[in-house]
Structures are given as C-alpha cells and as structure tokens.
Amino acid sequence: NRIPQGCCKMIIKKINPDDIERIVALSESEFPYKNNSSEKFSERQKNGAMLFKAEENGSFAGFVDFELKGERGFIHGLAVRKEFRGKKIGHRLAVFAVHALSLNGAEKICLLVRRQNDAAKKIYKKLGFRQAGTGEKTIAGEPVEELELNVRNDFFS
C-alpha cells in the first residue's frame, strides 16, 4: 500500500529512554568516528544536552543533539535515517535546534560537519552558518569543517 504524497505527518519531540538505542544505532552508522554509546547519550542528557527525535507517521526518522553553554550553542549531531531522506527532515531538525538554542539565549551556534557531507553543509549554509576558523580539523582522522552561526545577524536578519 502506498501512502498518498502530502499526507505524511512529521513531528519533533523530546526523546524518551526507549529512543536511546535507535539514536545509538543511527549515530553508529552516520558518525562511526565518535563515541556513540547509550551511556554517553544518557549522560549528556543528564548534563543538559537536548535530544529530540523526528517521527514521520509514528516512525523514528532521525534526531538532533544540541546544548547551550553560556551564550554559545552547539549542535553535536543531527542524522536522518536513509529511508526518510529527501523529505526536508534534516532541515526541520536544524531549524528546530537553532530556534530552541536562540530562545534559550544562544548568541552563536557552532557545529562540526564532515568535509564530505555536502547534504548537511547545504542545510546549514542555507540557514546562515558560515565557515569558522581556517585550520584543518579532524575527528578520529575524519576531516571536518567548523561552521558557526551568529544568531541575531545571520539567522534573524
């Protein structure tokens, strides 16, 4: 059975303990160079990280992991399951994180994105993120770019 186009409902909501294993599995496939244990995500959440999931028609579609430290926001991870890509879920999760961080006082938002991840870079640059720093950065040997958003000047202008 095919679902007619335009009928799908995507929602973003806070994760619950049952979601951690799904997030770990998606993180392991998308960010194999990072520590993706359930303990890490649970500990991050206890220490103030905000983890939200996207669901489409009740199915887990992706997640975003972000936090605020003073006036700086950090997006630590955003991933969408392969079968849900191309539906602007990543864009919606990124906008959600930027809005949530700015409402909580973030003046700047920073993130690292794999140099080869053109789809993610396109989303972030569309939102006003710009290259930050000039040095070559790596995470466990994986080349990454540092992007930064000045919330007041770049996002809400």
# chains A, B, ... in the order shown; residues from 1 in each chain; ligands from 1
>>> residues_around(residues="Gly62 of chain A", least_positions_apart="5", cutoff="8 Å", atoms="only C-alpha atoms", output="MDAnalysis selection string")
chainID A and resid 23 26 53:55 78:81 89:90
>>> write_last_selection(atoms="C-alpha atoms", output="PDB file, in the first residue's frame")
ATOM      1  CA  ILE A  23      19.755   7.005  18.336  1.00  0.00           C
ATOM      2  CA  LEU A  26      21.775   5.747  13.756  1.00  0.00           C
ATOM      3  CA  LYS A  53      13.631  12.997  17.584  1.00  0.00           C
ATOM      4  CA  ALA A  54      11.730  13.397  14.362  1.00  0.00           C
ATOM      5  CA  GLU A  55       8.905  10.977  13.715  1.00  0.00           C
ATOM      6  CA  LEU A  78      21.901  15.545  13.506  1.00  0.00           C
ATOM      7  CA  ALA A  79      21.055  12.464  11.496  1.00  0.00           C
ATOM      8  CA  VAL A  80      18.160  11.210   9.394  1.00  0.00           C
ATOM      9  CA  ARG A  81      17.591   7.546   8.565  1.00  0.00           C
ATOM     10  CA  ILE A  89      13.522  16.320   7.906  1.00  0.00           C
ATOM     11  CA  GLY A  90      17.181  17.282   8.405  1.00  0.00           C
TER      12      GLY A  90
END
>>> residues_around(residues="Ile15 of chain A", least_positions_apart="6", cutoff="9 Å", atoms="only C-alpha atoms", output="ChimeraX atom specification")
/A:50-53,63
>>> select_by_dssp(residues="chain A", states="strand (DSSP E)", output="PyMOL selection string")
chain A and resi 10-14+50-56+59-69+72-80+108-114+130-131+137-139+142-150
>>> residues_around(residues="Gly77 of chain A", least_positions_apart="2", cutoff="9 Å", atoms="only C-alpha atoms", output="list in words")
Ser27, Phe31, Phe63, Val64, Asp65, Phe66, Ile75, Ala79, Leu111, Leu112 and Val113 of chain A
>>> select_by_dssp(residues="chain A", states="alpha helix (DSSP H)", output="MDAnalysis selection string")
chainID A and resid 20:30 38:46 89:103 118:126
>>> write_last_selection(atoms="C-alpha atoms", output="PDB file, in the first residue's frame")
ATOM      1  CA  ILE A  20      18.282   5.852  23.047  1.00  0.00           C
ATOM      2  CA  GLU A  21      19.073   2.564  21.283  1.00  0.00           C
ATOM      3  CA  ARG A  22      17.634   3.872  17.992  1.00  0.00           C
ATOM      4  CA  ILE A  23      19.755   7.005  18.336  1.00  0.00           C
ATOM      5  CA  VAL A  24      22.855   4.950  19.131  1.00  0.00           C
ATOM      6  CA  ALA A  25      22.283   2.747  16.054  1.00  0.00           C
ATOM      7  CA  LEU A  26      21.775   5.747  13.756  1.00  0.00           C
ATOM      8  CA  SER A  27      24.792   7.525  15.269  1.00  0.00           C
ATOM      9  CA  GLU A  28      26.991   4.467  14.776  1.00  0.00           C
ATOM     10  CA  SER A  29      26.102   4.358  11.085  1.00  0.00           C
ATOM     11  CA  GLU A  30      26.413   8.118  10.488  1.00  0.00           C
ATOM     12  CA  SER A  38      23.861   4.678  25.160  1.00  0.00           C
ATOM     13  CA  GLU A  39      25.693   5.695  28.344  1.00  0.00           C
ATOM     14  CA  LYS A  40      27.170   8.699  26.549  1.00  0.00           C
ATOM     15  CA  PHE A  41      23.765   9.917  25.323  1.00  0.00           C
ATOM     16  CA  SER A  42      22.115   9.308  28.709  1.00  0.00           C
ATOM     17  CA  GLU A  43      24.925  11.154  30.491  1.00  0.00           C
ATOM     18  CA  ARG A  44      24.788  14.049  28.013  1.00  0.00           C
ATOM     19  CA  GLN A  45      21.058  14.344  28.579  1.00  0.00           C
ATOM     20  CA  LYS A  46      21.533  14.383  32.384  1.00  0.00           C
ATOM     21  CA  ILE A  89      13.522  16.320   7.906  1.00  0.00           C
ATOM     22  CA  GLY A  90      17.181  17.282   8.405  1.00  0.00           C
ATOM     23  CA  HIS A  91      16.356  20.893   7.566  1.00  0.00           C
ATOM     24  CA  ARG A  92      13.443  20.918  10.024  1.00  0.00           C
ATOM     25  CA  LEU A  93      15.586  19.412  12.789  1.00  0.00           C
ATOM     26  CA  ALA A  94      18.310  22.024  12.167  1.00  0.00           C
ATOM     27  CA  VAL A  95      15.793  24.897  12.253  1.00  0.00           C
ATOM     28  CA  PHE A  96      14.288  23.436  15.430  1.00  0.00           C
ATOM     29  CA  ALA A  97      17.714  23.303  17.124  1.00  0.00           C
ATOM     30  CA  VAL A  98      18.590  26.865  16.067  1.00  0.00           C
ATOM     31  CA  HIS A  99      15.257  28.194  17.352  1.00  0.00           C
ATOM     32  CA  ALA A 100      15.488  26.288  20.640  1.00  0.00           C
ATOM     33  CA  LEU A 101      19.055  27.460  21.256  1.00  0.00           C
ATOM     34  CA  SER A 102      18.259  31.075  20.370  1.00  0.00           C
ATOM     35  CA  LEU A 103      15.166  31.096  22.606  1.00  0.00           C
ATOM     36  CA  ASP A 118      27.563  18.050   1.158  1.00  0.00           C
ATOM     37  CA  ALA A 119      23.896  17.497   2.054  1.00  0.00           C
ATOM     38  CA  ALA A 120      24.430  18.610   5.668  1.00  0.00           C
ATOM     39  CA  LYS A 121      26.616  21.552   4.652  1.00  0.00           C
ATOM     40  CA  LYS A 122      23.896  22.686   2.251  1.00  0.00           C
ATOM     41  CA  ILE A 123      21.293  22.648   5.053  1.00  0.00           C
ATOM     42  CA  TYR A 124      23.497  24.597   7.455  1.00  0.00           C
ATOM     43  CA  LYS A 125      24.659  27.155   4.894  1.00  0.00           C
ATOM     44  CA  LYS A 126      21.052  27.764   3.853  1.00  0.00           C
TER      45      LYS A 126
END
>>> residues_around(residues="Arg130 of chain A", least_positions_apart="2", cutoff="7 Å", atoms="only C-alpha atoms", output="number ranges by chain")
A: 125, 128, 132, 147-149
>>> decode(residues="segment 7-142 of chain A", atoms="C-alpha atoms", output="PDB file, in the first residue's frame")
ATOM      1  CA  CYS A   7      -0.359  13.151   3.814  1.00  0.00           C
ATOM      2  CA  CYS A   8       2.655  12.386   5.956  1.00  0.00           C
ATOM      3  CA  LYS A   9       2.927  13.943   9.359  1.00  0.00           C
ATOM      4  CA  MET A  10       6.388  14.778  10.714  1.00  0.00           C
ATOM      5  CA  ILE A  11       6.692  15.815  14.345  1.00  0.00           C
ATOM      6  CA  ILE A  12       9.635  16.667  16.566  1.00  0.00           C
ATOM      7  CA  LYS A  13       9.545  15.699  20.220  1.00  0.00           C
ATOM      8  CA  LYS A  14      11.872  15.103  23.133  1.00  0.00           C
ATOM      9  CA  ILE A  15      13.391  11.641  23.195  1.00  0.00           C
ATOM     10  CA  ASN A  16      12.476   9.136  25.868  1.00  0.00           C
ATOM     11  CA  PRO A  17      14.625   6.302  27.266  1.00  0.00           C
ATOM     12  CA  ASP A  18      13.197   3.870  24.686  1.00  0.00           C
ATOM     13  CA  ASP A  19      14.658   6.029  21.882  1.00  0.00           C
ATOM     14  CA  ILE A  20      18.282   5.852  23.047  1.00  0.00           C
ATOM     15  CA  GLU A  21      19.073   2.564  21.283  1.00  0.00           C
ATOM     16  CA  ARG A  22      17.634   3.872  17.992  1.00  0.00           C
ATOM     17  CA  ILE A  23      19.755   7.005  18.336  1.00  0.00           C
ATOM     18  CA  VAL A  24      22.855   4.950  19.131  1.00  0.00           C
ATOM     19  CA  ALA A  25      22.283   2.747  16.054  1.00  0.00           C
ATOM     20  CA  LEU A  26      21.775   5.747  13.756  1.00  0.00           C
ATOM     21  CA  SER A  27      24.792   7.525  15.269  1.00  0.00           C
ATOM     22  CA  GLU A  28      26.991   4.467  14.776  1.00  0.00           C
ATOM     23  CA  SER A  29      26.102   4.358  11.085  1.00  0.00           C
ATOM     24  CA  GLU A  30      26.413   8.118  10.488  1.00  0.00           C
ATOM     25  CA  PHE A  31      29.180   9.047  12.949  1.00  0.00           C
ATOM     26  CA  PRO A  32      31.344   5.902  13.290  1.00  0.00           C
ATOM     27  CA  TYR A  33      34.302   8.018  14.414  1.00  0.00           C
ATOM     28  CA  LYS A  34      32.509   9.232  17.578  1.00  0.00           C
ATOM     29  CA  ASN A  35      31.694   7.571  20.905  1.00  0.00           C
ATOM     30  CA  ASN A  36      28.086   6.519  20.333  1.00  0.00           C
ATOM     31  CA  SER A  37      27.246   4.554  23.465  1.00  0.00           C
ATOM     32  CA  SER A  38      23.861   4.678  25.160  1.00  0.00           C
ATOM     33  CA  GLU A  39      25.693   5.695  28.344  1.00  0.00           C
ATOM     34  CA  LYS A  40      27.170   8.699  26.549  1.00  0.00           C
ATOM     35  CA  PHE A  41      23.765   9.917  25.323  1.00  0.00           C
ATOM     36  CA  SER A  42      22.115   9.308  28.709  1.00  0.00           C
ATOM     37  CA  GLU A  43      24.925  11.154  30.491  1.00  0.00           C
ATOM     38  CA  ARG A  44      24.788  14.049  28.013  1.00  0.00           C
ATOM     39  CA  GLN A  45      21.058  14.344  28.579  1.00  0.00           C
ATOM     40  CA  LYS A  46      21.533  14.383  32.384  1.00  0.00           C
ATOM     41  CA  ASN A  47      24.091  17.182  31.929  1.00  0.00           C
ATOM     42  CA  GLY A  48      21.742  19.447  29.975  1.00  0.00           C
ATOM     43  CA  ALA A  49      22.041  18.293  26.367  1.00  0.00           C
ATOM     44  CA  MET A  50      18.785  18.499  24.463  1.00  0.00           C
ATOM     45  CA  LEU A  51      17.951  15.446  22.386  1.00  0.00           C
ATOM     46  CA  PHE A  52      14.921  15.467  20.132  1.00  0.00           C
ATOM     47  CA  LYS A  53      13.631  12.997  17.584  1.00  0.00           C
ATOM     48  CA  ALA A  54      11.730  13.397  14.362  1.00  0.00           C
ATOM     49  CA  GLU A  55       8.905  10.977  13.715  1.00  0.00           C
ATOM     50  CA  GLU A  56       7.050  10.565  10.481  1.00  0.00           C
ATOM     51  CA  ASN A  57       3.708   8.784  10.777  1.00  0.00           C
ATOM     52  CA  GLY A  58       4.884   7.401  14.133  1.00  0.00           C
ATOM     53  CA  SER A  59       8.186   6.014  12.827  1.00  0.00           C
ATOM     54  CA  PHE A  60      11.568   7.176  14.116  1.00  0.00           C
ATOM     55  CA  ALA A  61      13.068   9.238  11.281  1.00  0.00           C
ATOM     56  CA  GLY A  62      16.044  10.986  12.866  1.00  0.00           C
ATOM     57  CA  PHE A  63      17.360  13.039  15.749  1.00  0.00           C
ATOM     58  CA  VAL A  64      19.200  16.185  16.747  1.00  0.00           C
ATOM     59  CA  ASP A  65      21.534  16.550  19.748  1.00  0.00           C
ATOM     60  CA  PHE A  66      22.367  20.069  20.918  1.00  0.00           C
ATOM     61  CA  GLU A  67      23.262  22.023  24.044  1.00  0.00           C
ATOM     62  CA  LEU A  68      23.763  25.521  25.367  1.00  0.00           C
ATOM     63  CA  LYS A  69      26.883  26.593  27.250  1.00  0.00           C
ATOM     64  CA  GLY A  70      26.583  30.213  28.312  1.00  0.00           C
ATOM     65  CA  GLU A  71      25.764  32.209  25.180  1.00  0.00           C
ATOM     66  CA  ARG A  72      27.126  29.547  22.803  1.00  0.00           C
ATOM     67  CA  GLY A  73      25.011  26.800  21.355  1.00  0.00           C
ATOM     68  CA  PHE A  74      26.451  23.590  19.985  1.00  0.00           C
ATOM     69  CA  ILE A  75      24.830  21.127  17.597  1.00  0.00           C
ATOM     70  CA  HIS A  76      26.613  17.849  18.347  1.00  0.00           C
ATOM     71  CA  GLY A  77      24.739  15.596  15.989  1.00  0.00           C
ATOM     72  CA  LEU A  78      21.901  15.545  13.506  1.00  0.00           C
ATOM     73  CA  ALA A  79      21.055  12.464  11.496  1.00  0.00           C
ATOM     74  CA  VAL A  80      18.160  11.210   9.394  1.00  0.00           C
ATOM     75  CA  ARG A  81      17.591   7.546   8.565  1.00  0.00           C
ATOM     76  CA  LYS A  82      18.273   6.764   4.902  1.00  0.00           C
ATOM     77  CA  GLU A  83      14.686   5.815   4.108  1.00  0.00           C
ATOM     78  CA  PHE A  84      13.478   9.240   5.317  1.00  0.00           C
ATOM     79  CA  ARG A  85      15.989  11.399   3.451  1.00  0.00           C
ATOM     80  CA  GLY A  86      14.867  13.883   0.823  1.00  0.00           C
ATOM     81  CA  LYS A  87      11.822  14.953   2.873  1.00  0.00           C
ATOM     82  CA  LYS A  88      13.431  18.024   4.499  1.00  0.00           C
ATOM     83  CA  ILE A  89      13.522  16.320   7.906  1.00  0.00           C
ATOM     84  CA  GLY A  90      17.181  17.282   8.405  1.00  0.00           C
ATOM     85  CA  HIS A  91      16.356  20.893   7.566  1.00  0.00           C
ATOM     86  CA  ARG A  92      13.443  20.918  10.024  1.00  0.00           C
ATOM     87  CA  LEU A  93      15.586  19.412  12.789  1.00  0.00           C
ATOM     88  CA  ALA A  94      18.310  22.024  12.167  1.00  0.00           C
ATOM     89  CA  VAL A  95      15.793  24.897  12.253  1.00  0.00           C
ATOM     90  CA  PHE A  96      14.288  23.436  15.430  1.00  0.00           C
ATOM     91  CA  ALA A  97      17.714  23.303  17.124  1.00  0.00           C
ATOM     92  CA  VAL A  98      18.590  26.865  16.067  1.00  0.00           C
ATOM     93  CA  HIS A  99      15.257  28.194  17.352  1.00  0.00           C
ATOM     94  CA  ALA A 100      15.488  26.288  20.640  1.00  0.00           C
ATOM     95  CA  LEU A 101      19.055  27.460  21.256  1.00  0.00           C
ATOM     96  CA  SER A 102      18.259  31.075  20.370  1.00  0.00           C
ATOM     97  CA  LEU A 103      15.166  31.096  22.606  1.00  0.00           C
ATOM     98  CA  ASN A 104      17.404  29.926  25.443  1.00  0.00           C
ATOM     99  CA  GLY A 105      19.924  32.741  24.908  1.00  0.00           C
ATOM    100  CA  ALA A 106      22.435  31.481  22.345  1.00  0.00           C
ATOM    101  CA  GLU A 107      24.215  34.297  20.528  1.00  0.00           C
ATOM    102  CA  LYS A 108      26.353  31.949  18.420  1.00  0.00           C
ATOM    103  CA  ILE A 109      25.817  28.351  17.397  1.00  0.00           C
ATOM    104  CA  CYS A 110      28.743  26.120  16.437  1.00  0.00           C
ATOM    105  CA  LEU A 111      28.993  22.691  14.873  1.00  0.00           C
ATOM    106  CA  LEU A 112      31.368  20.358  13.088  1.00  0.00           C
ATOM    107  CA  VAL A 113      30.361  18.702   9.831  1.00  0.00           C
ATOM    108  CA  ARG A 114      32.260  16.091   7.832  1.00  0.00           C
ATOM    109  CA  ARG A 115      34.009  17.703   4.907  1.00  0.00           C
ATOM    110  CA  GLN A 116      32.426  15.129   2.548  1.00  0.00           C
ATOM    111  CA  ASN A 117      28.861  15.681   3.836  1.00  0.00           C
ATOM    112  CA  ASP A 118      27.563  18.050   1.158  1.00  0.00           C
ATOM    113  CA  ALA A 119      23.896  17.497   2.054  1.00  0.00           C
ATOM    114  CA  ALA A 120      24.430  18.610   5.668  1.00  0.00           C
ATOM    115  CA  LYS A 121      26.616  21.552   4.652  1.00  0.00           C
ATOM    116  CA  LYS A 122      23.896  22.686   2.251  1.00  0.00           C
ATOM    117  CA  ILE A 123      21.293  22.648   5.053  1.00  0.00           C
ATOM    118  CA  TYR A 124      23.497  24.597   7.455  1.00  0.00           C
ATOM    119  CA  LYS A 125      24.659  27.155   4.894  1.00  0.00           C
ATOM    120  CA  LYS A 126      21.052  27.764   3.853  1.00  0.00           C
ATOM    121  CA  LEU A 127      20.338  28.655   7.497  1.00  0.00           C
ATOM    122  CA  GLY A 128      23.209  31.174   7.548  1.00  0.00           C
ATOM    123  CA  PHE A 129      26.043  29.098   9.020  1.00  0.00           C
ATOM    124  CA  ARG A 130      29.456  30.198   7.801  1.00  0.00           C
ATOM    125  CA  GLN A 131      32.932  28.712   7.849  1.00  0.00           C
ATOM    126  CA  ALA A 132      34.662  29.372  11.174  1.00  0.00           C
ATOM    127  CA  GLY A 133      38.390  29.053  11.667  1.00  0.00           C
ATOM    128  CA  THR A 134      40.906  28.261   8.996  1.00  0.00           C
ATOM    129  CA  GLY A 135      42.784  25.245  10.304  1.00  0.00           C
ATOM    130  CA  GLU A 136      42.393  21.664   9.208  1.00  0.00           C
ATOM    131  CA  LYS A 137      40.285  19.877  11.807  1.00  0.00           C
ATOM    132  CA  THR A 138      39.753  16.171  12.194  1.00  0.00           C
ATOM    133  CA  ILE A 139      37.784  13.890  14.477  1.00  0.00           C
ATOM    134  CA  ALA A 140      39.437  10.486  14.748  1.00  0.00           C
ATOM    135  CA  GLY A 141      41.122  11.128  11.400  1.00  0.00           C
ATOM    136  CA  GLU A 142      37.908  12.248   9.670  1.00  0.00           C
TER     137      GLU A 142
END
